[in-house]
Amino acid sequence: MDIRAISALTFEQTLHILSHSFCYFCRANTTLPMENTLYPLKFKPVYKDYIWGGQRLKTELGKENGPGILAESWEISGVKDNVTVVAEGFLAGNPLDELIEVYMGDLVGEKVFEKFGTEFPVLIKFIDAKEKLSVQVHPDDRYAAEHHGSRGKTEMWYVIDAEEGAELISGFSRNVDDKIFMEHLENKKLSEILNFEPVKAGDVFFLPAGRLHAIGNGIMLAEIQETSDVTYRIYDWDRVDAEGNGRELHLDHAVKVMDYKKREDIRTRYDRIENSTINLADCPHFTTSLIDLDKPVDKDFNLIDSFVVYICTEGKIMVNYKGGEAVSLQKGESMLVPADLKEISLLPEEKSTLLEVYMKI
């Protein structure tokens with residue numbers, strides 16, 4: 001670029017050009033292999049053994065090497081100290097954030113890289129609630145940045161399976177305020193103002209930051225959320241550990257971020273249409289769709305400047321792409337399709353269900 005052209009640019013534009021030039025230099029000098037084409041990536045999950053977890057992620061989703069109590073399997077994560085590493089192929093053993101540093105927009109999309117840098121913007125989980133989770137709430141991006149130097153946490157749930165009579169909590173059953181909320185909490189009558197929702201397999205719930213919620217016992221689900229681990233615990237059902245101690249609560253923050261209004265849009269309504277892409281959630285933090293497959297489906301991502309994640313909740317498929325061997329994806333597995341793979345084919349080996357996640361920027 002001509003030096004006169006550079007002088008006409010804004011400081012931010014110049015910094016962007018220089019940072020990209022530096023990253024391309026890093027590519028040329030990286031220890032990561034660059035001669036191979038990027039391919040659909042599967043990662044080694046990060047397991048969480050929270051006290052409310054069970055065994056179903058091991059017995060039903062193939063997480064046999066998880067701990068004795070397995071509450072959550074973080075499938076694809078860029079959360080600090082919990083970054084997942086590639087499980088297969090020539091990039092095996094490399095953590096996700098380092099891959100983004102090297103491959104940048106080719107991996108996550110140019111606009112995604114410009115906005116998030118080496119932080120992967122979504123966290124993909126499987127959750128098994130043998131016992132009900134604590135009642136909790138998450139902050140939005142502004143509050144989380146101000147108080148924790150973190151992103152906020154908007155999330156969604158897709159219920160994979162639920163025992164008969166299972167229910168979850170999402171929001172309030174009537175309009176309240178902080179005074180009414182604290183009175184019910186202190187008098188151990190919080191359940192009187194909570195909104196309980198019966199659930200079954202296939203149910204979808206979108207949970208914007210600020211909405212009080214809790215997963216009930218007997219529910220196994222997939223969760224898509226912002227990359228954040230900021231949770232404000234409100235009530236833990238008076239549970240205590242072996243020493244008689246309850247888990248820490250975070251009421252000082254929770255009361256400041258909570259949405260106290262009764263909401264009508266608790267449950268996401270949608271129609272299942274086989275071999276079609278059905279939208280479930282569309283927000284600034286992620287877009288999620290459902291695909292039920294019983295025959296091959298071709299996907300064209302030329303209009304999407306983003307990575308694509310597939311989460312398999314039922315069945316088994318093969319993912320074909322140009323330049324490499326097909327990669328399998330089965331129930332209980334997740335896959336990151338790099339942004340520069342613009343055309344792939346989904347080939348079901350049996351009737352299968354996928355969640356498709358990407359960013360719109």
# chains A, B, ... in the order shown; residues from 1 in each chain; ligands from 1
>>> select_by_dssp(residues="region 42-173 of chain A", states="alpha helix (DSSP H)", output="ChimeraX atom specification")
/A:56-59,96-103,105-108,110-116,141-148
>>> write_last_selection(atoms="C-alpha atoms", output="mmCIF file, in the first residue's frame")
data_model
loop_
_atom_site.group_PDB
_atom_site.id
_atom_site.type_symbol
_atom_site.label_atom_id
_atom_site.label_comp_id
_atom_site.auth_asym_id
_atom_site.auth_seq_id
_atom_site.Cartn_x
_atom_site.Cartn_y
_atom_site.Cartn_z
ATOM 1 C CA ARG A 56 -26.496 -39.804 31.158
ATOM 2 C CA LEU A 57 -23.779 -37.901 29.300
ATOM 3 C CA LYS A 58 -21.673 -41.031 29.707
ATOM 4 C CA THR A 59 -24.314 -43.685 29.060
ATOM 5 C CA LEU A 96 -8.890 -23.349 19.842
ATOM 6 C CA ASP A 97 -7.569 -19.877 20.706
ATOM 7 C CA GLU A 98 -4.167 -20.622 19.143
ATOM 8 C CA LEU A 99 -5.853 -21.890 15.986
ATOM 9 C CA ILE A 100 -7.778 -18.626 15.717
ATOM 10 C CA GLU A 101 -4.545 -16.663 16.190
ATOM 11 C CA VAL A 102 -3.028 -18.484 13.244
ATOM 12 C CA TYR A 103 -5.943 -18.976 10.851
ATOM 13 C CA GLY A 105 -10.865 -15.198 9.452
ATOM 14 C CA ASP A 106 -10.270 -18.439 7.563
ATOM 15 C CA LEU A 107 -11.352 -20.270 10.700
ATOM 16 C CA VAL A 108 -13.997 -18.037 12.307
ATOM 17 C CA GLU A 110 -13.336 -12.095 8.925
ATOM 18 C CA LYS A 111 -15.975 -10.036 10.738
ATOM 19 C CA VAL A 112 -16.032 -12.441 13.672
ATOM 20 C CA PHE A 113 -12.243 -12.191 13.965
ATOM 21 C CA GLU A 114 -12.338 -8.392 13.769
ATOM 22 C CA LYS A 115 -14.867 -8.244 16.622
ATOM 23 C CA PHE A 116 -13.688 -11.033 18.931
ATOM 24 C CA ASP A 141 -22.442 -7.588 28.169
ATOM 25 C CA ARG A 142 -22.312 -4.083 29.623
ATOM 26 C CA TYR A 143 -22.675 -5.131 33.254
ATOM 27 C CA ALA A 144 -20.321 -8.102 32.893
ATOM 28 C CA ALA A 145 -17.646 -5.953 31.270
ATOM 29 C CA GLU A 146 -17.915 -3.311 33.982
ATOM 30 C CA HIS A 147 -17.810 -5.702 36.945
ATOM 31 C CA HIS A 148 -15.914 -8.758 35.693
#
>>> residues_around(residues="Pro338 (chain A)", least_positions_apart="5", cutoff="8 Å", atoms="only C-alpha atoms", output="list of chain:residue names")
A:Leu38, A:Tyr39, A:Pro40, A:Leu41, A:Asp106, A:Leu107, A:Val108, A:Gly109, A:Ser306, A:Phe307, A:Val308
>>> residues_around(residues="region 317-331 of chain A", least_positions_apart="2", cutoff="6 Å", atoms="only C-alpha atoms", output="list in words")
Cys312, Thr313, Glu314, Gly315, Glu333, Ile344, Ser345, Leu346, Leu347, Pro348 and Glu349 of chain A
>>> select_by_dssp(residues="region 93-262 of chain A", states="strand (DSSP E or B)", output="compact mmCIF listing (two decimals) with C-alpha atoms, in the first residue's frame")
# COMPACT_ATOMS: atom_id res chain seq x y z
CA PRO A 95 -6.11 -25.31 21.50
CA VAL A 122 -19.87 -19.08 21.64
CA LEU A 123 -19.72 -21.88 24.19
CA ILE A 124 -21.30 -25.22 23.26
CA LYS A 125 -22.37 -27.59 26.06
CA PHE A 126 -24.25 -30.76 26.86
CA ILE A 127 -25.90 -30.75 30.32
CA ASP A 128 -27.33 -33.60 32.41
CA ALA A 129 -29.34 -32.49 35.43
CA VAL A 135 -31.95 -20.64 40.57
CA GLN A 136 -29.64 -18.18 38.83
CA VAL A 137 -29.31 -15.24 36.49
CA GLU A 155 -28.12 -18.55 26.15
CA MET A 156 -30.58 -21.06 24.72
CA TRP A 157 -31.55 -24.63 25.54
CA TYR A 158 -32.56 -27.50 23.26
CA VAL A 159 -34.02 -30.35 25.31
CA ILE A 160 -32.59 -33.69 24.16
CA ASP A 161 -34.55 -35.77 26.64
CA ALA A 162 -36.67 -35.25 29.75
CA GLU A 167 -39.92 -29.04 34.39
CA LEU A 168 -37.65 -26.02 34.36
CA ILE A 169 -37.84 -22.45 35.57
CA SER A 170 -37.77 -19.46 33.24
CA GLY A 171 -38.67 -16.04 34.58
CA PHE A 172 -41.50 -15.05 36.91
CA LEU A 194 -41.37 -18.44 39.72
CA ASN A 195 -42.57 -19.60 36.31
CA PHE A 196 -42.36 -23.39 36.00
CA GLU A 197 -42.50 -24.89 32.50
CA PRO A 198 -43.15 -28.61 31.78
CA VAL A 204 -36.51 -24.95 22.99
CA PHE A 205 -36.05 -22.06 25.43
CA PHE A 206 -34.26 -18.79 24.68
CA LEU A 207 -32.87 -17.05 27.78
CA HIS A 213 -33.84 -19.57 35.32
CA ALA A 214 -33.03 -23.09 36.49
CA ILE A 219 -33.49 -33.07 31.94
CA MET A 220 -30.65 -33.54 29.43
CA LEU A 221 -30.09 -30.70 26.99
CA ALA A 222 -27.75 -28.90 24.63
CA GLU A 223 -26.86 -25.31 25.54
CA ILE A 224 -25.57 -22.58 23.24
CA GLN A 225 -24.39 -19.42 24.96
CA GLU A 226 -22.04 -16.47 24.82
CA TYR A 232 -25.14 -15.18 39.81
CA ARG A 233 -26.54 -17.90 42.05
CA ILE A 234 -29.78 -16.80 43.74
CA TYR A 235 -31.11 -19.86 45.54
>>> closest_residue(among="A:Phe90, A:Tyr358, A:Phe120, A:Trp52", to="Ser289 (chain A)", atoms="only C-alpha atoms")
A:Tyr358
>>> closest_residue(among="A:Asp177, A:Asp271, A:Asp241, A:Asp140", to="His253 (chain A)", atoms="only C-alpha atoms")
A:Asp140
>>> residues_around(residues="Ala166 (chain A)", least_positions_apart="5", cutoff="8 Å", atoms="only C-alpha atoms", output="count of residues only")
7
>>> residues_around(residues="Val86 (chain A)", least_positions_apart="2", cutoff="9 Å", atoms="only C-alpha atoms", output="list in words")
Leu41, Lys42, Phe43, Lys44, Thr84, Glu88, Gly89, Leu91, Ala92, Gly93, Asn94, Pro95 and Leu96 of chain A
>>> residues_around(residues="Lys299 (chain A)", least_positions_apart="2", cutoff="10 Å", atoms="only C-alpha atoms", output="list of chain:residue names")
A:Thr277, A:Pro296, A:Val297, A:Phe301, A:Asn302, A:Lys342, A:Glu343, A:Ile344, A:Ser345, A:Leu346
